[in-house]
Amino acid sequence: MTRVINISLNVPETYQLDELTRQLTEYGERLIARSKPMAKPRRRPSRDFLKSFSLPKGATSEQLIDDYLAEKYGV
């Protein structure tokens with residue numbers, strides 16, 4: 001879709017109006033191409049999904065880290 005934008009600008013008589021129009025058009029196209037599309041809002045996980053995650057009762061943080069390392073890397 002093409003839109004026309006009217007811009008008030010004092011242009012000296014010695015300046016070529018066609019060249020100025022071409023330059024402004026190219027610059028506008030670069031600005032539009034550079035603009036980022038709007039990001040989609042992130043969905044938050046449901047509360048029920050997060051409730052399914054729980055830490056083992058009675059385990060210390062060191063034990064949890066050791067268990068993770070042993071399971072992940074076989075240490």
# chains A, B, ... in the order shown; residues from 1 in each chain; ligands from 1
$ residues_around --residues "A:Thr21" --least-positions-apart "5" --cutoff "12 Å" --atoms "only C-alpha atoms" --output "ChimeraX atom specification"
/A:5-7,9,11,15-16,26-28
$ select_by_dssp --residues "stretch 4-70 of chain A" --states "helix (DSSP H, G or I)" --output "PyMOL selection string"
chain A and resi 17-34+47-51+61-70
$ atom_distance --atom1 "atom CA of A:Ser61" --atom2 "atom CA of A:Asp48"
24.4 Å
